[in-house]
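Peer 1: Contents of input-v4.pdb (PDB, C-alpha atoms):
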ATOM      1  CA  MET A   1      84.954  93.708  58.302
ATOM      2  CA  THR A   2      87.542  96.346  59.317
ATOM      3  CA  VAL A   3      88.452  98.746  56.502
ATOM      4  CA  MET A   4      92.017 100.013  56.815
ATOM      5  CA  SER A   5      92.979 103.569  56.010
ATOM      6  CA  PRO A   6      96.053 104.229  53.842
ATOM      7  CA  ASP A   7      97.909 105.317  57.009
ATOM      8  CA  ASP A   8      97.073 102.021  58.715
ATOM      9  CA  GLU A   9      98.214 100.054  55.666
ATOM     10  CA  SER A  10     101.475 102.004  55.594
ATOM     11  CA  ARG A  11     102.033 101.423  59.337
ATOM     12  CA  GLU A  12     101.357  97.698  59.075
ATOM     13  CA  GLY A  13     103.770  97.456  56.163
ATOM     14  CA  ARG A  14     106.523  99.081  58.236
ATOM     15  CA  LEU A  15     106.080  96.769  61.233
ATOM     16  CA  THR A  16     108.136  93.631  61.650
ATOM     17  CA  ALA A  17     106.401  90.370  62.546
ATOM     18  CA  ALA A  18     107.314  90.984  66.195
ATOM     19  CA  GLY A  19     106.026  94.554  65.961
ATOM     20  CA  ARG A  20     102.643  93.348  64.721
ATOM     21  CA  MET A  21     102.393  90.834  67.555
ATOM     22  CA  LEU A  22     103.267  93.546  70.090
ATOM     23  CA  ALA A  23     100.686  95.869  68.537
ATOM     24  CA  VAL A  24      98.013  93.240  69.200
ATOM     25  CA  LEU A  25      99.153  92.696  72.814
ATOM     26  CA  GLU A  26      99.259  96.452  73.406
ATOM     27  CA  VAL A  27      95.520  96.593  72.713
ATOM     28  CA  PHE A  28      94.888  94.387  75.760
ATOM     29  CA  ARG A  29      96.970  96.762  77.887
ATOM     30  CA  THR A  30      95.002  99.847  76.890
ATOM     31  CA  GLN A  31      91.464  98.539  76.303
ATOM     32  CA  PRO A  32      89.091  96.754  78.703
ATOM     33  CA  SER A  33      88.684  93.089  77.835
ATOM     34  CA  PRO A  34      87.173  90.844  76.653
ATOM     35  CA  LEU A  35      87.683  92.175  73.128
ATOM     36  CA  ARG A  36      86.156  91.110  69.826
ATOM     37  CA  MET A  37      88.349  90.427  66.814
ATOM     38  CA  ALA A  38      87.114  93.580  65.048
ATOM     39  CA  GLU A  39      87.990  95.696  68.096
ATOM     40  CA  ILE A  40      91.497  94.256  68.249
ATOM     41  CA  SER A  41      91.978  94.935  64.557
ATOM     42  CA  ARG A  42      90.724  98.513  64.879
ATOM     43  CA  HIS A  43      92.766  99.438  67.947
ATOM     44  CA  SER A  44      95.954  97.770  66.709
ATOM     45  CA  GLY A  45      95.732  99.352  63.253
ATOM     46  CA  LEU A  46      96.197  95.947  61.625
ATOM     47  CA  SER A  47      94.104  94.349  58.926
ATOM     48  CA  THR A  48      91.452  91.809  59.848
ATOM     49  CA  THR A  49      93.439  89.084  58.077
ATOM     50  CA  THR A  50      96.646  89.865  59.967
ATOM     51  CA  THR A  51      94.809  90.190  63.286
ATOM     52  CA  HIS A  52      93.046  86.872  62.720
ATOM     53  CA  ARG A  53      96.322  85.078  62.051
ATOM     54  CA  LEU A  54      98.142  86.609  65.009
ATOM     55  CA  MET A  55      95.282  85.995  67.426
ATOM     56  CA  HIS A  56      95.190  82.308  66.516
ATOM     57  CA  GLU A  57      98.939  82.076  67.143
ATOM     58  CA  LEU A  58      98.530  83.791  70.514
ATOM     59  CA  LEU A  59      95.574  81.538  71.339
ATOM     60  CA  ASP A  60      97.560  78.393  70.528
ATOM     61  CA  TRP A  61     100.465  79.548  72.722
ATOM     62  CA  GLY A  62      98.207  80.512  75.629
ATOM     63  CA  ALA A  63      98.868  84.262  75.544
ATOM     64  CA  VAL A  64      95.139  84.898  75.027
ATOM     65  CA  GLU A  65      92.036  82.863  75.776
ATOM     66  CA  MET A  66      88.333  82.973  75.067
ATOM     67  CA  ALA A  67      86.247  84.662  77.756
ATOM     68  CA  GLU A  68      83.059  82.992  78.988
ATOM     69  CA  SER A  69      81.068  85.996  77.781
ATOM     70  CA  GLY A  70      82.682  85.868  74.348
ATOM     71  CA  GLY A  71      85.660  87.726  72.946
ATOM     72  CA  TYR A  72      89.304  87.435  73.923
ATOM     73  CA  GLN A  73      91.233  88.231  77.090
ATOM     74  CA  LEU A  74      94.839  87.783  78.170
ATOM     75  CA  GLY A  75      95.689  84.175  78.938
ATOM     76  CA  THR A  76      97.560  82.508  81.768
ATOM     77  CA  LYS A  77     101.030  82.629  80.222
ATOM     78  CA  VAL A  78     101.088  86.391  79.757
ATOM     79  CA  LEU A  79      99.614  86.971  83.192
ATOM     80  CA  GLU A  80     102.211  84.718  84.787
ATOM     81  CA  LEU A  81     104.995  86.531  82.949
ATOM     82  CA  ALA A  82     103.648  89.873  84.139
ATOM     83  CA  ALA A  83     103.415  88.667  87.720
ATOM     84  CA  ALA A  84     106.915  87.205  87.537
ATOM     85  CA  SER A  85     108.612  90.497  86.686
ATOM     86  CA  GLY A  86     111.343  91.515  89.155
ATOM     87  CA  ASP A  87     109.936  93.757  91.855
ATOM     88  CA  ALA A  88     106.360  92.567  91.345
ATOM     89  CA  LEU A  89     107.395  88.953  91.927
ATOM     90  CA  ARG A  90     109.293  89.769  95.118
ATOM     91  CA  LEU A  91     106.408  91.883  96.396
ATOM     92  CA  ARG A  92     103.889  89.149  95.597
ATOM     93  CA  GLU A  93     105.983  86.497  97.364
ATOM     94  CA  ARG A  94     106.328  88.607 100.512
ATOM     95  CA  ALA A  95     102.634  89.523 100.544
ATOM     96  CA  LEU A  96     101.185  86.088  99.822
ATOM     97  CA  PRO A  97     101.095  84.730 103.425
ATOM     98  CA  ALA A  98      99.085  87.730 104.661
ATOM     99  CA  LEU A  99      96.796  87.602 101.638
ATOM    100  CA  LEU A 100      96.134  83.898 102.136
ATOM    101  CA  ARG A 101      95.300  84.434 105.815
ATOM    102  CA  LEU A 102      92.849  87.160 104.852
ATOM    103  CA  HIS A 103      91.354  84.997 102.115
ATOM    104  CA  ARG A 104      90.825  82.036 104.456
ATOM    105  CA  MET A 105      89.337  84.262 107.134
ATOM    106  CA  LEU A 106      86.817  86.110 104.957
ATOM    107  CA  ARG A 107      84.045  84.963 102.646
ATOM    108  CA  VAL A 108      84.484  87.714 100.087
ATOM    109  CA  LEU A 109      84.642  87.717  96.306
ATOM    110  CA  VAL A 110      88.299  88.681  95.890
ATOM    111  CA  VAL A 111      91.411  89.399  97.961
ATOM    112  CA  HIS A 112      94.048  91.105  95.876
ATOM    113  CA  LEU A 113      97.334  92.983  95.826
ATOM    114  CA  SER A 114      97.714  95.907  93.439
ATOM    115  CA  ILE A 115     100.449  98.200  92.188
ATOM    116  CA  ARG A 116     100.229 101.380  90.113
ATOM    117  CA  ASP A 117     101.354 101.505  86.503
ATOM    118  CA  GLY A 118     100.789 104.974  85.128
ATOM    119  CA  PHE A 119      97.091 105.756  85.525
ATOM    120  CA  ASP A 120      96.059 102.114  86.050
ATOM    121  CA  THR A 121      95.976  99.766  88.982
ATOM    122  CA  VAL A 122      97.477  96.379  88.097
ATOM    123  CA  TYR A 123      96.683  93.209  90.043
ATOM    124  CA  VAL A 124      99.826  91.232  90.909
ATOM    125  CA  GLU A 125      97.916  88.761  93.063
ATOM    126  CA  SER A 126      94.219  87.852  93.063
ATOM    127  CA  LEU A 127      92.685  85.235  95.335
ATOM    128  CA  ARG A 128      89.093  84.681  94.279
ATOM    129  CA  SER A 129      86.247  82.700  95.724
ATOM    130  CA  ALA A 130      84.581  80.015  93.635
ATOM    131  CA  HIS A 131      81.860  82.503  92.734
ATOM    132  CA  GLY A 132      83.813  85.741  92.704
ATOM    133  CA  GLY A 133      85.941  87.874  90.473
ATOM    134  CA  VAL A 134      85.933  88.990  86.884
ATOM    135  CA  SER A 135      88.585  89.145  84.195
ATOM    136  CA  THR A 136      89.714  92.639  85.214
ATOM    137  CA  ASN A 137      90.740  91.655  88.752
ATOM    138  CA  ARG A 138      92.671  88.556  87.786
ATOM    139  CA  ILE A 139      96.478  88.576  87.965
ATOM    140  CA  GLY A 140      97.728  91.055  85.382
ATOM    141  CA  GLY A 141      94.329  92.741  85.034
ATOM    142  CA  ARG A 142      94.091  96.534  84.907
ATOM    143  CA  MET A 143      91.562  99.124  85.989
ATOM    144  CA  PRO A 144      91.564 102.929  85.977
ATOM    145  CA  LEU A 145      92.747 104.143  89.381
ATOM    146  CA  HIS A 146      89.577 105.974  90.414
ATOM    147  CA  LEU A 147      87.317 102.952  89.923
ATOM    148  CA  THR A 148      88.886 100.682  92.530
ATOM    149  CA  ALA A 149      89.638 100.957  96.230
ATOM    150  CA  THR A 150      93.249  99.851  95.735
ATOM    151  CA  GLY A 151      93.599 102.311  92.855
ATOM    152  CA  ARG A 152      92.423 105.194  95.029
ATOM    153  CA  VAL A 153      94.930 104.221  97.714
ATOM    154  CA  LEU A 154      97.750 104.182  95.183
ATOM    155  CA  LEU A 155      96.663 107.499  93.699
ATOM    156  CA  ALA A 156      96.262 109.093  97.142
ATOM    157  CA  TYR A 157      99.962 108.530  97.841
ATOM    158  CA  ALA A 158     101.192 109.395  94.334
ATOM    159  CA  ASP A 159     102.909 112.676  93.575
ATOM    160  CA  GLU A 160     100.621 115.671  93.190
ATOM    161  CA  GLY A 161     101.561 115.891  89.520
ATOM    162  CA  VAL A 162     100.360 112.332  88.965
ATOM    163  CA  GLN A 163      97.119 113.028  90.821
ATOM    164  CA  GLU A 164      96.354 116.203  88.901
ATOM    165  CA  GLY A 165      97.323 114.622  85.578
ATOM    166  CA  PHE A 166      94.903 111.791  86.252
ATOM    167  CA  LEU A 167      92.074 114.051  87.432
ATOM    168  CA  ALA A 168      92.470 116.287  84.352
ATOM    169  CA  ARG A 169      91.480 113.359  82.106
ATOM    170  CA  PRO A 170      87.936 112.234  81.287
ATOM    171  CA  LEU A 171      87.224 109.579  83.922
ATOM    172  CA  GLU A 172      85.526 106.341  82.967
ATOM    173  CA  VAL A 173      82.020 105.691  84.290
ATOM    174  CA  ARG A 174      80.920 102.128  85.021
ATOM    175  CA  THR A 175      77.725 102.704  87.041
ATOM    176  CA  ARG A 176      75.452 105.590  87.960
ATOM    177  CA  PHE A 177      77.343 105.741  91.278
ATOM    178  CA  THR A 178      80.853 106.008  89.816
ATOM    179  CA  THR A 179      82.674 108.987  91.314
ATOM    180  CA  THR A 180      84.254 111.232  88.693
ATOM    181  CA  ASP A 181      84.186 114.634  90.422
ATOM    182  CA  PRO A 182      87.832 115.727  90.944
ATOM    183  CA  ASP A 183      87.118 117.626  94.169
ATOM    184  CA  GLU A 184      85.321 114.653  95.695
ATOM    185  CA  LEU A 185      88.193 112.380  94.748
ATOM    186  CA  ARG A 186      90.710 114.812  96.256
ATOM    187  CA  ARG A 187      88.770 114.699  99.524
ATOM    188  CA  THR A 188      88.871 110.909  99.329
ATOM    189  CA  PHE A 189      92.664 111.001  98.903
ATOM    190  CA  SER A 190      92.993 113.190 101.980
ATOM    191  CA  GLY A 191      90.894 110.755 104.015
ATOM    192  CA  ILE A 192      92.987 107.811 102.815
ATOM    193  CA  ARG A 193      96.216 109.485 103.907
ATOM    194  CA  GLU A 194      94.676 110.274 107.291
ATOM    195  CA  HIS A 195      93.136 106.870 108.051
ATOM    196  CA  GLN A 196      95.249 104.562 105.826
ATOM    197  CA  VAL A 197      92.143 102.742 104.607
ATOM    198  CA  VAL A 198      89.291 103.394 102.174
ATOM    199  CA  MET A 199      85.866 101.999 101.272
ATOM    200  CA  THR A 200      84.207 102.211  97.863
ATOM    201  CA  ALA A 201      80.718 101.100  96.865
ATOM    202  CA  ARG A 202      78.980 100.512  93.539
ATOM    203  CA  GLN A 203      81.820 102.013  91.522
ATOM    204  CA  VAL A 204      82.385  99.134  89.083
ATOM    205  CA  THR A 205      79.166  97.160  89.524
ATOM    206  CA  GLU A 206      76.114  98.164  91.520
ATOM    207  CA  ASN A 207      76.173  95.103  93.764
ATOM    208  CA  THR A 208      79.814  95.183  94.897
ATOM    209  CA  GLY A 209      81.969  97.240  97.225
ATOM    210  CA  ALA A 210      85.614  97.211  98.236
ATOM    211  CA  VAL A 211      88.004  98.021 101.063
ATOM    212  CA  ALA A 212      91.725  98.718 100.606
ATOM    213  CA  ALA A 213      94.769  99.837 102.567
ATOM    214  CA  PRO A 214      98.320 100.885 101.648
ATOM    215  CA  VAL A 215     101.504  98.828 101.800
ATOM    216  CA  PHE A 216     104.683 100.765 102.662
ATOM    217  CA  ASP A 217     108.295  99.848 101.932
ATOM    218  CA  HIS A 218     111.236 100.387 104.291
ATOM    219  CA  GLN A 219     111.465 104.022 103.151
ATOM    220  CA  GLU A 220     107.791 104.583 104.007
ATOM    221  CA  ARG A 221     106.792 104.867 100.361
ATOM    222  CA  VAL A 222     103.526 103.275  99.271
ATOM    223  CA  VAL A 223     104.438 100.506  96.855
ATOM    224  CA  ALA A 224     101.181  98.529  96.754
ATOM    225  CA  ALA A 225      97.689  98.202  98.179
ATOM    226  CA  VAL A 226      95.826  95.262  99.698
ATOM    227  CA  GLY A 227      92.140  95.122  98.850
ATOM    228  CA  ILE A 228      89.019  93.007  99.062
ATOM    229  CA  VAL A 229      85.891  92.998  96.906
ATOM    230  CA  LEU A 230      82.604  91.872  98.429
ATOM    231  CA  ASN A 231      78.926  91.584  97.689
ATOM    232  CA  LEU A 232      77.050  94.457  99.319
ATOM    233  CA  LYS A 233      73.947  92.332  99.869
ATOM    234  CA  ASP A 234      75.860  90.038 102.226
ATOM    235  CA  HIS A 235      78.410  92.342 103.845
ATOM    236  CA  HIS A 236      78.878  95.728 105.498
ATOM    237  CA  LEU A 237      82.049  97.480 104.349
ATOM    238  CA  GLU A 238      82.681  98.992 107.785
ATOM    239  CA  ASP A 239      83.129  95.518 109.273
ATOM    240  CA  TYR A 240      86.277  94.939 107.226
ATOM    241  CA  LEU A 241      88.256  98.157 107.686
ATOM    242  CA  GLU A 242      90.512  96.938 110.483
ATOM    243  CA  LEU A 243      91.013  93.488 108.966
ATOM    244  CA  VAL A 244      92.213  94.895 105.656
ATOM    245  CA  ARG A 245      94.374  97.526 107.341
ATOM    246  CA  ALA A 246      95.929  94.812 109.523
ATOM    247  CA  ALA A 247      96.657  92.625 106.476
ATOM    248  CA  ALA A 248      98.315  95.566 104.708
ATOM    249  CA  SER A 249     100.408  96.213 107.842
ATOM    250  CA  GLN A 250     101.516  92.577 107.813
ATOM    251  CA  VAL A 251     102.647  92.949 104.191
ATOM    252  CA  THR A 252     104.454  96.172 105.111
ATOM    253  CA  ALA A 253     106.235  94.361 107.956
ATOM    254  CA  SER A 254     107.358  91.657 105.512
ATOM    255  CA  LEU A 255     109.041  94.313 103.339
ATOM    256  CA  VAL A 256     110.923  96.065 106.140
ATOM    257  CA  PRO A 257     114.364  94.529 106.743
ATOM    258  CA  PRO A 258     114.993  93.382 110.324
ATOM    259  CA  ALA A 259     116.852  95.822 112.528
ATOM    260  CA  SER A 260     120.534  95.008 112.932
ATOM    261  CA  ASP A 261     121.971  94.522 116.391
TER     262      ASP A 261
END
Is it possible to give me this structure as structure tokens?
Peer 2:
Amino acid sequence: MTVMSPDDESREGRLTAAGRMLAVLEVFRTQPSPLRMAEISRHSGLSTTTTHRLMHELLDWGAVEMAESGGYQLGTKVLELAAASGDALRLRERALPALLRLHRMLRVLVVHLSIRDGFDTVYVESLRSAHGGVSTNRIGGRMPLHLTATGRVLLAYADEGVQEGFLARPLEVRTRFTTTDPDELRRTFSGIREHQVVMTARQVTENTGAVAAPVFDHQERVVAAVGIVLNLKDHHLEDYLELVRAAASQVTASLVPPASD
């Protein structure tokens, strides 16, 4: 049972009903899911009773769902709303043909399209195989930038202030191979800008790797990244560099307006 501090009780008392609901949803934005009820209560600063009631309302509406491994994760309705937001929706629509071609061509775990939101990569499209993918790389899922191939692409082309702000933070470790050394990551960023593609291996799980490439808009700004996730036992990352880079180029071409006569 979560014991609330006087400060938490005071905060909950000041929140409107909508504010309490948003406090619960904010936990899913900032914490890796799936999440247990006690974790949601603790991170939201709400009582167990309030959290229980709100979570059941969100569950009934479809904003959250039960994960196979237990706990709660964001549900389809919230993910669809996130994917349907302005620029993300237009980007997803333009990119989908190239992503589908890549997905049909390759037998990989996931083909996805990512954008950067602060220090996270956010998946705005995720095409998974019948046996691939986890809750974090579904549409609307988030991951710290350094952990994923698409995240490293997005960070490589971010402003220097964004890069240094990210690298100054404690970086999350998922496996014994996770790269957290700032100098090594800076060298990776340089290589991405030079070759416009990147490979990562065993960063999130020890049996998976990824390849990603940047998507540019008509002003040559990187607005997204195309990536694939594959099982290292069955694939060699090097075999997919050109395919992923070509798919990202196709998405870039779809964003560039046709030249006028």
Peer 1: Exactly which residues make up the result of the PyMOL selection byres ((chain A and resi 147) around 8) on this file, given as a short mmCIF file (atom, residue, chain, number, x, y, z; two decimals) with C-alpha atoms, keeping the file's coordinate frame?
Peer 2:
data_model
loop_
_atom_site.label_atom_id
_atom_site.label_comp_id
_atom_site.auth_asym_id
_atom_site.auth_seq_id
_atom_site.Cartn_x
_atom_site.Cartn_y
_atom_site.Cartn_z
CA MET A 143 91.56 99.12 85.99
CA PRO A 144 91.56 102.93 85.98
CA LEU A 145 92.75 104.14 89.38
CA HIS A 146 89.58 105.97 90.41
CA THR A 148 88.89 100.68 92.53
CA ALA A 149 89.64 100.96 96.23
CA GLY A 151 93.60 102.31 92.86
CA ARG A 152 92.42 105.19 95.03
CA GLU A 172 85.53 106.34 82.97
CA THR A 178 80.85 106.01 89.82
CA THR A 179 82.67 108.99 91.31
CA GLN A 203 81.82 102.01 91.52
CA VAL A 204 82.38 99.13 89.08
#
Peer 1: What's around Leu35 of chain A at 12 Å? Count all atoms listed in the file, leave out sequence neighbours fewer than 5 positions away in its own chain, and write the answer as a PyMOL selection string.
Peer 2: chain A and resi 24-25+27-30+40-44+55+64-74+135
Peer 1: Take the residues just selected and output them with C-alpha atoms as a PDB file, in the coordinates of the input.
Peer 2:
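Output contents, as saved in result17.pdb:
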ATOM      1  CA  VAL A  24      98.013  93.240  69.200  1.00  0.00           C
ATOM      2  CA  LEU A  25      99.153  92.696  72.814  1.00  0.00           C
ATOM      3  CA  VAL A  27      95.520  96.593  72.713  1.00  0.00           C
ATOM      4  CA  PHE A  28      94.888  94.387  75.760  1.00  0.00           C
ATOM      5  CA  ARG A  29      96.970  96.762  77.887  1.00  0.00           C
ATOM      6  CA  THR A  30      95.002  99.847  76.890  1.00  0.00           C
ATOM      7  CA  ILE A  40      91.497  94.256  68.249  1.00  0.00           C
ATOM      8  CA  SER A  41      91.978  94.935  64.557  1.00  0.00           C
ATOM      9  CA  ARG A  42      90.724  98.513  64.879  1.00  0.00           C
ATOM     10  CA  HIS A  43      92.766  99.438  67.947  1.00  0.00           C
ATOM     11  CA  SER A  44      95.954  97.770  66.709  1.00  0.00           C
ATOM     12  CA  MET A  55      95.282  85.995  67.426  1.00  0.00           C
ATOM     13  CA  VAL A  64      95.139  84.898  75.027  1.00  0.00           C
ATOM     14  CA  GLU A  65      92.036  82.863  75.776  1.00  0.00           C
ATOM     15  CA  MET A  66      88.333  82.973  75.067  1.00  0.00           C
ATOM     16  CA  ALA A  67      86.247  84.662  77.756  1.00  0.00           C
ATOM     17  CA  GLU A  68      83.059  82.992  78.988  1.00  0.00           C
ATOM     18  CA  SER A  69      81.068  85.996  77.781  1.00  0.00           C
ATOM     19  CA  GLY A  70      82.682  85.868  74.348  1.00  0.00           C
ATOM     20  CA  GLY A  71      85.660  87.726  72.946  1.00  0.00           C
ATOM     21  CA  TYR A  72      89.304  87.435  73.923  1.00  0.00           C
ATOM     22  CA  GLN A  73      91.233  88.231  77.090  1.00  0.00           C
ATOM     23  CA  LEU A  74      94.839  87.783  78.170  1.00  0.00           C
ATOM     24  CA  SER A 135      88.585  89.145  84.195  1.00  0.00           C
TER      25      SER A 135
END
Peer 1: If we count only C-alpha atoms and set the cut-off at 10 Å, which residues sit around Arg92 of chain A, ignoring sequence neighbours fewer than 6 positions away in its own chain? Please answer as number ranges by chain.
Peer 2: A: 83-84, 99, 113-114, 123-125, 224, 251
Peer 1: Just give me the gap between atom CA of Val223 of chain A and atom CA of Ala158 of chain A in Å, one decimal is fine.
Peer 2: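 Separation of atom CA of Val223 of chain A and atom CA of Ala158 of chain A: 9.8 Å.
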Peer 1: What does the distance from atom CA of Ala248 of chain A to atom CA of Pro214 of chain A come to in Å, to one decimal?
Peer 2: 6.1 Å
Peer 1: Between atom CA of Arg186 of chain A and atom CA of Tyr240 of chain A, measure the distance and give it in Å to one decimal.
Peer 2: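 Rounded to one decimal, the two atoms are 23.1 Å apart.
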Peer 1: Which residues match the PyMOL selection byres ((chain A and resi 254) around 12) in the file above, as a PyMOL selection string?
Peer 2: chain A and resi 90-99+215-218+247-253+255-258
Peer 1: Enumerate, as a compact mmCIF listing (two decimals) with C-alpha atoms, in the frame of the given file, the residues matched when the PyMOL selection byres ((chain A and resi 226) around 6) is run on the file above.
Peer 2:
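The new file result_13.txt reads:
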# COMPACT_ATOMS: atom_id res chain seq x y z
CA HIS A 112 94.05 91.10 95.88
CA LEU A 113 97.33 92.98 95.83
CA ALA A 212 91.72 98.72 100.61
CA ALA A 213 94.77 99.84 102.57
CA ALA A 225 97.69 98.20 98.18
CA GLY A 227 92.14 95.12 98.85
CA ALA A 248 98.32 95.57 104.71
Peer 1: Listed atoms of segment 180-195 of chain A, axis-aligned box, 3 Å per side: centre and edge lengths to one decimal in Å, as lines of an AutoDock Vina configuration file?
Peer 2:
center_x = 90.2
center_y = 112.2
center_z = 98.4
size_x = 18.0
size_y = 16.8
size_z = 25.4
Peer 1: When distances are computed from all atoms listed in the file, which of A:Asp117, A:Thr208, A:Leu241, A:Gly140 shows the smallest separation from His195 of chain A?
Peer 2: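 The closest residue to His195 of chain A is A:Leu241.
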Peer 1: Counting only C-alpha atoms, find the residues whose atoms lie at most 10 Å from (97.0, 108.6, 92.6) (file coordinates) and write them out as a list in words.
Peer 2: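 In the file's frame, the residues around the point are Arg116, Gly118, Phe119, Asp120, Thr121, Leu145, His146, Gly151, Arg152, Val153, Leu154, Leu155, Ala156, Tyr157, Ala158, Asp159, Glu160, Gly161, Val162, Gln163, Glu164, Gly165, Phe166, Leu167, Leu185, Arg186 and Phe189 of chain A.
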Peer 1: Taking only C-alpha atoms into account, which of A:Gly75, A:Arg187, A:Asp87, A:Ser129 comes nearest Ile115 of chain A?
Peer 2: A:Asp87
Peer 1: Regenerate segment 53-60 of chain A at the level of all heavy atoms and dump it as a short mmCIF file (atom, residue, chain, number, x, y, z; two decimals), keeping the file's coordinate frame.
Peer 2:
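The file below, out.cif, is the result:
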data_model
loop_
_atom_site.label_atom_id
_atom_site.label_comp_id
_atom_site.auth_asym_id
_atom_site.auth_seq_id
_atom_site.Cartn_x
_atom_site.Cartn_y
_atom_site.Cartn_z
N ARG A 53 95.20 86.00 62.02
CA ARG A 53 96.32 85.08 62.05
C ARG A 53 97.09 85.19 63.37
O ARG A 53 97.42 84.18 64.01
CB ARG A 53 97.26 85.35 60.86
CG ARG A 53 98.52 84.50 60.87
CD ARG A 53 99.33 84.74 59.61
NE ARG A 53 99.65 86.15 59.43
CZ ARG A 53 100.64 86.77 60.08
NH1 ARG A 53 101.37 86.12 60.96
NH2 ARG A 53 100.89 88.04 59.83
N LEU A 54 97.37 86.42 63.79
CA LEU A 54 98.14 86.61 65.01
C LEU A 54 97.37 86.14 66.25
O LEU A 54 97.96 85.55 67.16
CB LEU A 54 98.52 88.09 65.16
CG LEU A 54 99.49 88.64 64.11
CD1 LEU A 54 99.69 90.14 64.31
CD2 LEU A 54 100.83 87.91 64.19
N MET A 55 96.07 86.40 66.28
CA MET A 55 95.28 86.00 67.43
C MET A 55 95.24 84.48 67.56
O MET A 55 95.27 83.94 68.68
CB MET A 55 93.87 86.56 67.32
CG MET A 55 93.78 88.06 67.63
SD MET A 55 94.29 88.44 69.31
CE MET A 55 93.04 87.57 70.26
N HIS A 56 95.19 83.76 66.44
CA HIS A 56 95.19 82.31 66.52
C HIS A 56 96.54 81.79 67.01
O HIS A 56 96.61 80.80 67.75
CB HIS A 56 94.83 81.70 65.16
CG HIS A 56 93.35 81.71 64.90
ND1 HIS A 56 92.47 80.93 65.62
CD2 HIS A 56 92.59 82.41 64.03
CE1 HIS A 56 91.24 81.14 65.20
NE2 HIS A 56 91.27 82.05 64.24
N GLU A 57 97.62 82.46 66.63
CA GLU A 57 98.94 82.08 67.14
C GLU A 57 99.02 82.32 68.65
O GLU A 57 99.52 81.48 69.40
CB GLU A 57 100.03 82.86 66.42
CG GLU A 57 100.21 82.46 64.96
CD GLU A 57 101.33 83.26 64.30
OE1 GLU A 57 102.14 83.87 65.02
OE2 GLU A 57 101.38 83.28 63.06
N LEU A 58 98.52 83.47 69.08
CA LEU A 58 98.53 83.79 70.51
C LEU A 58 97.63 82.85 71.29
O LEU A 58 97.94 82.46 72.42
CB LEU A 58 98.08 85.24 70.72
CG LEU A 58 99.06 86.32 70.25
CD1 LEU A 58 98.39 87.69 70.26
CD2 LEU A 58 100.31 86.34 71.13
N LEU A 59 96.51 82.47 70.69
CA LEU A 59 95.57 81.54 71.34
C LEU A 59 96.21 80.16 71.50
O LEU A 59 96.12 79.53 72.56
CB LEU A 59 94.30 81.45 70.51
CG LEU A 59 93.08 80.78 71.13
CD1 LEU A 59 92.60 81.55 72.35
CD2 LEU A 59 91.94 80.69 70.10
N ASP A 60 96.90 79.70 70.47
CA ASP A 60 97.56 78.39 70.53
C ASP A 60 98.65 78.37 71.59
O ASP A 60 98.86 77.35 72.26
CB ASP A 60 98.16 78.02 69.16
CG ASP A 60 97.10 77.69 68.12
OD1 ASP A 60 95.96 77.40 68.53
OD2 ASP A 60 97.42 77.74 66.92
#
